[in-house]
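Participant: To start, I am sharing the structure in question, which I have written as structure tokens.
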Number of protein chains: 2
Amino acid sequence: MRSKRSDGQSAGGLGELGLLRQIRSRAAQSSRGGLRLGIGDDCALVAPRDGEELAVTTDLSIAGRHFRLDWHAPEAVGHRALARGLSDLAAMGARPVAAFLSLGLPRELTQAAGRRPAWVQGFLDGLMALAAAHKTPLAGGDLAESPLALADIVLVGAVPRGKALLRSGARAGDLLYVTGALGGAAAGLARLAELAGTPGRNQARPAQPPRIPKKLAALLAPHLYPQPRIAQGLWLRQRGLASAALDLSDGLSTDLAHLCQESGAAAEVEAARLPIHPGATLAQALNGGEDYELLFAAPASARIPRSIGGVAVTMIGRMVKARSGQAAVTLVTAHGPQALQARGWEHFS
Amino acid sequence: MRSKRSDGQSAGGLGELGLLRQIRSRAAQSSRGGLRLGIGDDCALVAPRDGEELAVTTDLSIAGRHFRLDWHAPEAVGHRALARGLSDLAAMGARPVAAFLSLGLPRELTQAAGRRPAWVQGFLDGLMALAAAHKTPLAGGDLAESPLALADIVLVGAVPRGKALLRSGARAGDLLYVTGALGGAAAGLARLAELAGTPGRNQARPAQPPRIPKKLAALLAPHLYPQPRIAQGLWLRQRGLASAALDLSDGLSTDLAHLCQESGAAAEVEAARLPIHPGATLAQALNGGEDYELLFAAPASARIPRSIGGVAVTMIGRMVKARSGQAAVTLVTAHGPQALQARGWEHFS
């Protein structure tokens with residue numbers, strides 16, 4: 001169970017110390033903000049400003065469940081792992097303060113293969129690029145050799161005390177909005193699966209993800225490189241316009257049901273209003289998940305602009321009173337209203 | 001990659017929703033303290049008191065690396081996973097505020113087997129019992145089905161701004177101390193390996209950990225149920241006596257080298273002074289790791305008591321000037337001084 005070696009280096013491998021040193025050096029170049037002490041001690045130290053509290057979220061990404069080594073480039077795996085956590089901060093209206101990374105990797109993913117750098121380098125490239133874009137320093141974490149590649153990401157954000165956007169504040173009569181477009185991640189995933197499954201590809205290196213043709217890059221971007229809506233969440237929180245918010249990680253049908261449950265209300269969504277991503281289907285927009293757009297409610301009197309920080313905002317329906325025995329979420333189509341079942345992602349089911 | 005099911009229940013299994021509901025209900029019973037908002041939203045909200053900052057640490061525990069399903073009872077796995085993080089808080093002199101749990105489990109570990117409750121119940125029992133002992137609410141986390149059992153634990157603690165015990169403050173002339181006894185965890189692990197490997201045991205149920213005979217329980221406790229030294233860390237921090245501190249997770253030889261490196265100094269340890277756990281060897285005390293005792297430095301003028309909160313404190317050596325080309329840590333024995341190589345745990349080596 002324990003390997004009693006400490007040279008920190010093995011043939012072609014970085015060793016834990018080598019990998020730690022590299023992560024520490026890359027992390028040291030990142031913006032600090034509220035991070036008082038980063039990698040190198042027993043804990044990191046995070047100091048909120050006076051009157052702030054901290055928002056904390058953790059997201060586990062596991063090979064074969066949340067990503068596939070033969071589908072996803074390491075840069076995309078790193079980006080997506082961090083994006084999940086940043087998106088949770090966005091949903092609270094919090095500004096990112098620090099990220100933590102617990103990384104379990106098979107040894108071969110820490111080793112360079114000929115002139116190709118180690119997989120973990122690409123992973124860190126993708127993660128650190130998104131972290132830099134959101135001024136989020138990497139503050140710590142843990143490393144372990146693991147037969148299964150996995151990354152648990154912790155995000156810490158700051159928000160004025162009592163001002164965070166919660167899931168529980170929506171009331172009957174509020175209007176429902178989403179940022180951006182829906183279904184793009186699911187459509188991109190479907191296209192990626194086709195690419196990865198094309199016969200004749202990758203015969204020599206079965207574990208390599210497919211090359212993405214340039215003309216498909218835009219179609220795959222919502223899946224491979226989702227953009228957490230930090231700026232939009234901050235905008236909403238600062239103006240106090242939203243009564244409730246969450247991020248669309250599991251899919252609109254599932255996440256809206258969560259919002260209804262936490263708010264003790266029900267919701268009606270108008271199918272015709274949904275901002276469906278070009279190339280995506282209605283089903284993907286409703287159930288696809290991983291779009292990482294914000295879903296929020298606001299009183300009908302609130303003046304919500306058509307875009308925030310360059311990202312479209314669309315009214316998609318309204319909150320209504322919960323009635324016992326009736327579905328929490330109703331989808332209104334040209335054929336009339338129908339109960340919208342939660343068909344998003346659930347593990348252990 | 002995504003399972004589109006939402007019934008939350010499968011034959012004999014809890015389902016993610018069921019497991020979440022249960023964790024949420026158990027977490028709701030725990031003490032709150034600085035936790036303003038727990039499980040159920042996109043993030044938890046943690047509010048330090050005025051003048052405090054937050055200490056954050058993450059620890060990844062993976063089946064086959066940090067524990068074995070056929071050696072460790074689920075209660076011990078849950079206890080040990082949380083103890084690692086609490087011990088990091090102890091080393092900073094922080095009071096625990098909240099814990100987060102990212103849990104990846106094979107489906108069968110979430111399912112009851114006949115009258116035996118699901119493995120995950122025992123895991124949560126062990127984790128929640130230690131959390132309750134240290135008034136640490138479970139504030140959130142993530143769940144995923146995984147072919148490999150794993151738990152990433154995040155601990156958030158609070159400490160007055162600028163007052164945390166760091167690794168970097170030790171100076172030549174300071175004396176070195178440890179709490180408790182060393183090597184007990186390694187000795188316990190060795191005994192556990194013998195028990196688990198005894199032929200004829202567990203033939204019917206190869207995945208079951210061995211029953212621990214009562215007379216061995218005390219010998220195995222330092223390995224199976226290590227006690228994080230939260231009270232001792234708080235005591236040292238409140239009195240401002242320690243110049244540097246860390247917790248002994250990787251083993252004295254490795255952890256003391258870390259302290260020397262961060263402090264820019266060297267250290268001498270007197271073998272005869274080491275508080276070796278009954279049944280443990282000198283090598284286990286030096287390199288065993290997982291004792292989760294505190295190692296700290298204090299000026300020679302500081303009055304350090306012989307015990308803190310009922311746990312022995314032993315002076316084991318001193319900090320000295322670093323000399324280039326010389327070992328950071330020297331072990332002084334009856335045969336004279338010798339360089340002490342770091343032989344603790346390292347992954348990827």
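In the structure tokens, chains take letters A, B, ... by order of appearance, with residues numbered from 1 within each chain and ligands from 1 in the order shown.
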Skipping near chain neighbours, those fewer than 5 positions away, what residues fall within 7 Å of segment 55-69 of chain A using only C-alpha atoms, listed as an NGL selection string?
Facilitator: (:A and (77 or 81 or 84-85 or 88-89 or 94 or 148-158 or 207-209)) or (:B and (1-2 or 43-46 or 102 or 141-142))
Participant: Next, the residues of the selection above should be written as a CSV table (one decimal), in the first residue's frame with N, CA and C atoms.
Facilitator:
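Now in selection-v8.csv:
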chain,number,residue,atom,x,y,z
A,77,VAL,N,-10.1,18.0,-21.0
A,77,VAL,CA,-10.4,17.4,-19.7
A,77,VAL,C,-10.1,18.4,-18.5
A,81,ALA,N,-13.0,20.1,-16.2
A,81,ALA,CA,-13.0,19.9,-14.8
A,81,ALA,C,-13.1,21.2,-14.0
A,84,ARG,N,-16.6,23.2,-14.4
A,84,ARG,CA,-17.7,22.7,-13.6
A,84,ARG,C,-17.8,23.5,-12.3
A,85,GLY,N,-16.6,23.7,-11.6
A,85,GLY,CA,-16.6,24.4,-10.4
A,85,GLY,C,-16.8,25.8,-10.5
A,88,ASP,N,-20.4,26.6,-10.8
A,88,ASP,CA,-21.1,26.7,-9.5
A,88,ASP,C,-20.9,28.0,-8.8
A,89,LEU,N,-19.7,28.6,-8.9
A,89,LEU,CA,-19.5,29.9,-8.3
A,89,LEU,C,-20.4,30.9,-9.0
A,94,ALA,N,-20.7,34.5,-7.1
A,94,ALA,CA,-19.4,34.7,-6.3
A,94,ALA,C,-18.3,35.0,-7.2
A,148,LEU,N,-7.1,4.6,-12.3
A,148,LEU,CA,-8.2,5.3,-13.0
A,148,LEU,C,-7.9,6.8,-12.9
A,149,ALA,N,-7.9,7.5,-14.1
A,149,ALA,CA,-7.7,8.9,-14.1
A,149,ALA,C,-8.9,9.6,-13.5
A,150,LEU,N,-8.6,10.5,-12.6
A,150,LEU,CA,-9.7,11.3,-11.9
A,150,LEU,C,-9.2,12.6,-11.4
A,151,ALA,N,-10.1,13.6,-11.3
A,151,ALA,CA,-9.7,14.9,-10.8
A,151,ALA,C,-10.9,15.4,-10.0
A,152,ASP,N,-10.6,15.8,-8.8
A,152,ASP,CA,-11.7,16.4,-8.0
A,152,ASP,C,-11.2,17.9,-7.8
A,153,ILE,N,-12.1,18.8,-8.2
A,153,ILE,CA,-11.8,20.2,-8.2
A,153,ILE,C,-12.6,20.9,-7.1
A,154,VAL,N,-11.9,21.7,-6.3
A,154,VAL,CA,-12.6,22.5,-5.3
A,154,VAL,C,-12.5,24.0,-5.7
A,155,LEU,N,-13.6,24.7,-5.7
A,155,LEU,CA,-13.5,26.1,-6.0
A,155,LEU,C,-14.0,26.9,-4.8
A,156,VAL,N,-13.2,27.9,-4.4
A,156,VAL,CA,-13.6,28.8,-3.3
A,156,VAL,C,-13.8,30.2,-3.9
A,157,GLY,N,-15.0,30.7,-3.7
A,157,GLY,CA,-15.3,32.1,-4.1
A,157,GLY,C,-15.8,32.9,-3.0
A,158,ALA,N,-15.8,34.2,-3.2
A,158,ALA,CA,-16.3,35.2,-2.2
A,158,ALA,C,-17.5,35.9,-2.7
A,207,ALA,N,-5.7,4.9,-27.8
A,207,ALA,CA,-6.0,5.7,-26.6
A,207,ALA,C,-6.0,7.2,-27.0
A,208,GLN,N,-5.7,7.6,-28.2
A,208,GLN,CA,-5.7,9.0,-28.6
A,208,GLN,C,-7.1,9.5,-28.9
A,209,PRO,N,-7.4,10.7,-28.5
A,209,PRO,CA,-8.7,11.3,-28.9
A,209,PRO,C,-8.6,11.7,-30.4
B,1,MET,N,-21.6,7.8,-21.8
B,1,MET,CA,-21.0,8.6,-20.7
B,1,MET,C,-22.0,9.2,-19.7
B,2,ARG,N,-23.2,9.3,-20.2
B,2,ARG,CA,-24.2,9.8,-19.2
B,2,ARG,C,-25.4,8.8,-19.2
B,43,CYS,N,-23.3,25.9,-4.2
B,43,CYS,CA,-22.1,25.9,-3.3
B,43,CYS,C,-22.6,25.9,-1.9
B,44,ALA,N,-21.7,25.6,-0.9
B,44,ALA,CA,-22.0,25.9,0.5
B,44,ALA,C,-21.5,27.3,0.8
B,45,LEU,N,-22.0,27.9,1.8
B,45,LEU,CA,-21.5,29.2,2.2
B,45,LEU,C,-20.9,29.1,3.6
B,46,VAL,N,-19.7,29.6,3.7
B,46,VAL,CA,-18.9,29.5,5.0
B,46,VAL,C,-18.5,30.9,5.4
B,102,SER,N,-16.2,14.3,-1.7
B,102,SER,CA,-16.4,13.8,-3.1
B,102,SER,C,-16.2,12.3,-3.1
B,141,GLY,N,-20.4,18.3,-1.3
B,141,GLY,CA,-19.5,17.4,-2.0
B,141,GLY,C,-20.1,17.0,-3.3
B,142,ASP,N,-19.7,15.8,-3.8
B,142,ASP,CA,-20.1,15.3,-5.1
B,142,ASP,C,-20.2,13.8,-5.0
Participant: Going by DSSP on the backbone, which bits of segment 139-210 of chain B are alpha helix (DSSP H)? Write them as a list in words, please.
Facilitator: Gly184, Ala185, Ala186, Ala187, Gly188, Leu189, Ala190, Arg191, Leu192, Ala193, Glu194, Leu195, Ala196 and Gly197 of chain B
Participant: Output the selection as a PDB file, in the first residue's frame - N, CA and C atoms for each residue.
Facilitator:
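Dumped everything to out.pdb:
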ATOM      1  N   GLY B 184       3.149   3.913  15.449  1.00  0.00           N
ATOM      2  CA  GLY B 184       2.003   3.067  15.789  1.00  0.00           C
ATOM      3  C   GLY B 184       1.156   2.711  14.581  1.00  0.00           C
ATOM      4  N   ALA B 185       1.006   3.655  13.665  1.00  0.00           N
ATOM      5  CA  ALA B 185       0.185   3.384  12.484  1.00  0.00           C
ATOM      6  C   ALA B 185       0.850   2.330  11.596  1.00  0.00           C
ATOM      7  N   ALA B 186       2.158   2.466  11.409  1.00  0.00           N
ATOM      8  CA  ALA B 186       2.866   1.497  10.563  1.00  0.00           C
ATOM      9  C   ALA B 186       2.867   0.112  11.201  1.00  0.00           C
ATOM     10  N   ALA B 187       3.061   0.067  12.530  1.00  0.00           N
ATOM     11  CA  ALA B 187       3.033  -1.225  13.219  1.00  0.00           C
ATOM     12  C   ALA B 187       1.641  -1.844  13.121  1.00  0.00           C
ATOM     13  N   GLY B 188       0.611  -1.018  13.265  1.00  0.00           N
ATOM     14  CA  GLY B 188      -0.762  -1.511  13.153  1.00  0.00           C
ATOM     15  C   GLY B 188      -1.058  -2.026  11.753  1.00  0.00           C
ATOM     16  N   LEU B 189      -0.572  -1.308  10.757  1.00  0.00           N
ATOM     17  CA  LEU B 189      -0.779  -1.737   9.371  1.00  0.00           C
ATOM     18  C   LEU B 189      -0.117  -3.092   9.119  1.00  0.00           C
ATOM     19  N   ALA B 190       1.098  -3.250   9.654  1.00  0.00           N
ATOM     20  CA  ALA B 190       1.802  -4.519   9.467  1.00  0.00           C
ATOM     21  C   ALA B 190       1.013  -5.670  10.103  1.00  0.00           C
ATOM     22  N   ARG B 191       0.446  -5.426  11.287  1.00  0.00           N
ATOM     23  CA  ARG B 191      -0.325  -6.456  11.971  1.00  0.00           C
ATOM     24  C   ARG B 191      -1.625  -6.745  11.202  1.00  0.00           C
ATOM     25  N   LEU B 192      -2.225  -5.688  10.666  1.00  0.00           N
ATOM     26  CA  LEU B 192      -3.454  -5.851   9.886  1.00  0.00           C
ATOM     27  C   LEU B 192      -3.179  -6.702   8.639  1.00  0.00           C
ATOM     28  N   ALA B 193      -2.032  -6.466   8.013  1.00  0.00           N
ATOM     29  CA  ALA B 193      -1.675  -7.226   6.812  1.00  0.00           C
ATOM     30  C   ALA B 193      -1.534  -8.707   7.146  1.00  0.00           C
ATOM     31  N   GLU B 194      -0.942  -8.984   8.321  1.00  0.00           N
ATOM     32  CA  GLU B 194      -0.834 -10.384   8.770  1.00  0.00           C
ATOM     33  C   GLU B 194      -2.212 -11.004   8.942  1.00  0.00           C
ATOM     34  N   LEU B 195      -3.079 -10.281   9.664  1.00  0.00           N
ATOM     35  CA  LEU B 195      -4.444 -10.777   9.918  1.00  0.00           C
ATOM     36  C   LEU B 195      -5.172 -11.053   8.615  1.00  0.00           C
ATOM     37  N   ALA B 196      -5.089 -10.098   7.686  1.00  0.00           N
ATOM     38  CA  ALA B 196      -5.831 -10.223   6.430  1.00  0.00           C
ATOM     39  C   ALA B 196      -5.268 -11.351   5.591  1.00  0.00           C
ATOM     40  N   GLY B 197      -3.962 -11.614   5.778  1.00  0.00           N
ATOM     41  CA  GLY B 197      -3.314 -12.620   4.943  1.00  0.00           C
ATOM     42  C   GLY B 197      -3.333 -14.014   5.532  1.00  0.00           C
TER      43      GLY B 197
END
Participant: Enumerate, as a ChimeraX atom specification, the complete set of residues in segment 13-219 of chain A that a backbone-based DSSP assignment places in strand (DSSP E or B).
Facilitator: /A:13,35-37,39,41,44-46,52-63,67,95-105,111,113,116,138-145,150-160,175-179,182
Participant: So which residues touch Ala266 of chain B within 8 Å, counting only C-alpha atoms, skipping near sequence neighbours fewer than 2 positions away, as a PyMOL selection string?
Facilitator: chain B and resi 172+257+260-261+264+268+319-323+327-329
Participant: Write out as a VMD selection string which residues come within 6 Å of segment 313-315 of chain B when counting only C-alpha atoms, dropping same-chain ones fewer than 6 positions away.
Facilitator: chain B and resid 176 to 179 306 to 307
Participant: Any idea what the distance is between atom CA of Asp255 of chain B and atom CA of Leu130 of chain B?
Facilitator: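 Computed distance, atom CA of Asp255 of chain B to atom CA of Leu130 of chain B, equals 24.5 Å.
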Participant: For a test of reading the model, state the distance in Å between atom CA of Phe296 of chain B and atom CA of Phe100 of chain B, rounded to one decimal.
Facilitator: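 Straight-line distance from atom CA of Phe296 of chain B to atom CA of Phe100 of chain B works out to 27.4 Å.
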Participant: When you count only C-alpha atoms, which of these residues is closest to His277 of chain B: B:Ile308, B:Leu182, B:Ala83, B:Ala113?
Facilitator: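 So, comparing all the options, the nearest one is B:Leu182.
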Participant: May I ask for the distance between atom CA of Ser263 of chain B and atom CA of Asp42 of chain A, given in Å to one decimal place?
Facilitator: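 Separation between atom CA of Ser263 of chain B and atom CA of Asp42 of chain A: 13.8 Å.
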Participant: Give me the residues within 9 Å of Pro74 of chain A as a ChimeraX atom specification, counting only C-alpha atoms and dropping any in the same chain fewer than 5 places off.
Facilitator: /A:69,79,119-126,209
Participant: Residues near Arg237 of chain A, anyone? I mean within 9 Å using only C-alpha atoms, not counting same-chain ones fewer than 2 positions away, as an NGL selection string.
Facilitator: :A and (92-94 or 159 or 163-165 or 232-235 or 239-242)
Participant: Residues as selected, all heavy atoms, written as a JSON list (two decimals), in the first residue's frame, can you do that?
Facilitator:
[["chain", "number", "residue", "atom", "x", "y", "z"],
["A", 92, "MET", "N", -23.82, 31.22, -7.86],
["A", 92, "MET", "CA", -24.02, 31.89, -6.56],
["A", 92, "MET", "C", -23.74, 33.39, -6.68],
["A", 92, "MET", "O", -23.90, 34.12, -5.70],
["A", 92, "MET", "CB", -23.09, 31.30, -5.50],
["A", 92, "MET", "CG", -23.16, 29.81, -5.29],
["A", 92, "MET", "SD", -24.72, 29.21, -4.57],
["A", 92, "MET", "CE", -24.49, 29.55, -2.81],
["A", 93, "GLY", "N", -23.25, 33.83, -7.82],
["A", 93, "GLY", "CA", -22.82, 35.22, -7.95],
["A", 93, "GLY", "C", -21.54, 35.52, -7.21],
["A", 93, "GLY", "O", -21.31, 36.64, -6.76],
["A", 94, "ALA", "N", -20.68, 34.51, -7.08],
["A", 94, "ALA", "CA", -19.44, 34.67, -6.32],
["A", 94, "ALA", "C", -18.26, 34.96, -7.24],
["A", 94, "ALA", "O", -18.23, 34.50, -8.38],
["A", 94, "ALA", "CB", -19.16, 33.41, -5.50],
["A", 159, "VAL", "N", -18.35, 36.22, -1.69],
["A", 159, "VAL", "CA", -19.60, 36.91, -1.98],
["A", 159, "VAL", "C", -19.98, 37.73, -0.74],
["A", 159, "VAL", "O", -19.72, 37.29, 0.39],
["A", 159, "VAL", "CB", -20.69, 35.86, -2.37],
["A", 159, "VAL", "CG1", -21.01, 34.93, -1.21],
["A", 159, "VAL", "CG2", -21.95, 36.50, -2.90],
["A", 163, "LYS", "N", -25.70, 37.81, 0.43],
["A", 163, "LYS", "CA", -26.09, 38.28, -0.89],
["A", 163, "LYS", "C", -25.98, 37.22, -1.99],
["A", 163, "LYS", "O", -26.26, 37.50, -3.16],
["A", 163, "LYS", "CB", -25.22, 39.48, -1.30],
["A", 163, "LYS", "CG", -25.33, 40.68, -0.37],
["A", 163, "LYS", "CD", -26.72, 41.29, -0.41],
["A", 163, "LYS", "CE", -26.79, 42.56, 0.43],
["A", 163, "LYS", "NZ", -28.18, 43.02, 0.60],
["A", 164, "ALA", "N", -25.55, 36.01, -1.64],
["A", 164, "ALA", "CA", -25.37, 34.98, -2.67],
["A", 164, "ALA", "C", -26.71, 34.65, -3.33],
["A", 164, "ALA", "O", -27.76, 34.71, -2.71],
["A", 164, "ALA", "CB", -24.79, 33.72, -2.04],
["A", 165, "LEU", "N", -26.65, 34.33, -4.63],
["A", 165, "LEU", "CA", -27.83, 33.86, -5.35],
["A", 165, "LEU", "C", -28.09, 32.42, -4.93],
["A", 165, "LEU", "O", -27.22, 31.56, -5.09],
["A", 165, "LEU", "CB", -27.59, 33.91, -6.86],
["A", 165, "LEU", "CG", -27.18, 35.27, -7.44],
["A", 165, "LEU", "CD1", -26.85, 35.13, -8.93],
["A", 165, "LEU", "CD2", -28.29, 36.29, -7.23],
["A", 232, "GLN", "N", -21.66, 37.01, -15.73],
["A", 232, "GLN", "CA", -23.12, 37.14, -15.71],
["A", 232, "GLN", "C", -23.66, 36.94, -14.29],
["A", 232, "GLN", "O", -24.57, 37.64, -13.85],
["A", 232, "GLN", "CB", -23.74, 36.15, -16.70],
["A", 232, "GLN", "CG", -23.50, 36.50, -18.18],
["A", 232, "GLN", "CD", -22.04, 36.33, -18.61],
["A", 232, "GLN", "OE1", -21.33, 35.47, -18.10],
["A", 232, "GLN", "NE2", -21.59, 37.15, -19.55],
["A", 233, "GLY", "N", -23.10, 35.96, -13.57],
["A", 233, "GLY", "CA", -23.52, 35.73, -12.20],
["A", 233, "GLY", "C", -23.21, 36.93, -11.31],
["A", 233, "GLY", "O", -24.03, 37.35, -10.48],
["A", 234, "LEU", "N", -22.02, 37.50, -11.48],
["A", 234, "LEU", "CA", -21.64, 38.68, -10.70],
["A", 234, "LEU", "C", -22.57, 39.85, -11.01],
["A", 234, "LEU", "O", -23.01, 40.57, -10.11],
["A", 234, "LEU", "CB", -20.18, 39.08, -11.01],
["A", 234, "LEU", "CG", -19.10, 38.20, -10.39],
["A", 234, "LEU", "CD1", -17.72, 38.59, -10.92],
["A", 234, "LEU", "CD2", -19.12, 38.34, -8.86],
["A", 235, "TRP", "N", -22.87, 40.02, -12.30],
["A", 235, "TRP", "CA", -23.76, 41.13, -12.72],
["A", 235, "TRP", "C", -25.12, 40.99, -12.03],
["A", 235, "TRP", "O", -25.64, 41.95, -11.47],
["A", 235, "TRP", "CB", -23.91, 41.06, -14.25],
["A", 235, "TRP", "CG", -24.55, 42.26, -14.88],
["A", 235, "TRP", "CD1", -23.92, 43.32, -15.47],
["A", 235, "TRP", "CD2", -25.96, 42.53, -15.00],
["A", 235, "TRP", "NE1", -24.83, 44.22, -15.95],
["A", 235, "TRP", "CE2", -26.09, 43.77, -15.67],
["A", 235, "TRP", "CE3", -27.11, 41.85, -14.61],
["A", 235, "TRP", "CZ2", -27.34, 44.33, -15.97],
["A", 235, "TRP", "CZ3", -28.34, 42.42, -14.89],
["A", 235, "TRP", "CH2", -28.45, 43.64, -15.56],
["A", 239, "ARG", "N", -26.62, 43.54, -8.92],
["A", 239, "ARG", "CA", -27.81, 44.36, -9.12],
["A", 239, "ARG", "C", -29.01, 43.86, -8.32],
["A", 239, "ARG", "O", -30.06, 44.50, -8.30],
["A", 239, "ARG", "CB", -28.15, 44.42, -10.61],
["A", 239, "ARG", "CG", -27.29, 45.48, -11.31],
["A", 239, "ARG", "CD", -27.16, 45.24, -12.78],
["A", 239, "ARG", "NE", -26.16, 46.12, -13.35],
["A", 239, "ARG", "CZ", -24.84, 45.91, -13.28],
["A", 239, "ARG", "NH1", -24.38, 44.86, -12.64],
["A", 239, "ARG", "NH2", -23.99, 46.75, -13.83],
["A", 240, "GLY", "N", -28.86, 42.68, -7.71],
["A", 240, "GLY", "CA", -29.95, 42.17, -6.88],
["A", 240, "GLY", "C", -31.23, 41.88, -7.64],
["A", 240, "GLY", "O", -32.31, 41.97, -7.08],
["A", 241, "LEU", "N", -31.12, 41.53, -8.92],
["A", 241, "LEU", "CA", -32.32, 41.34, -9.74],
["A", 241, "LEU", "C", -32.88, 39.93, -9.67],
["A", 241, "LEU", "O", -34.08, 39.73, -9.85],
["A", 241, "LEU", "CB", -32.01, 41.68, -11.21],
["A", 241, "LEU", "CG", -31.68, 43.15, -11.49],
["A", 241, "LEU", "CD1", -31.37, 43.36, -12.97],
["A", 241, "LEU", "CD2", -32.86, 44.03, -11.07],
["A", 242, "ALA", "N", -32.01, 38.92, -9.46],
["A", 242, "ALA", "CA", -32.48, 37.52, -9.53],
["A", 242, "ALA", "C", -33.00, 37.07, -8.17],
["A", 242, "ALA", "O", -32.40, 37.35, -7.13],
["A", 242, "ALA", "CB", -31.34, 36.62, -9.99]]
Participant: Using only C-alpha atoms for the distances, tell me which of A:Arg303, A:His134, A:Arg116, A:Arg167 is nearest to chain B.
Facilitator: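 Closest to chain B, using only C-alpha atoms: A:Arg167.
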Participant: Give me the residues within 7 Å of Leu294 of chain B as a ChimeraX atom specification, counting only C-alpha atoms and dropping any in the same chain fewer than 4 places off.
Facilitator: /B:91,178-179,229,245-248
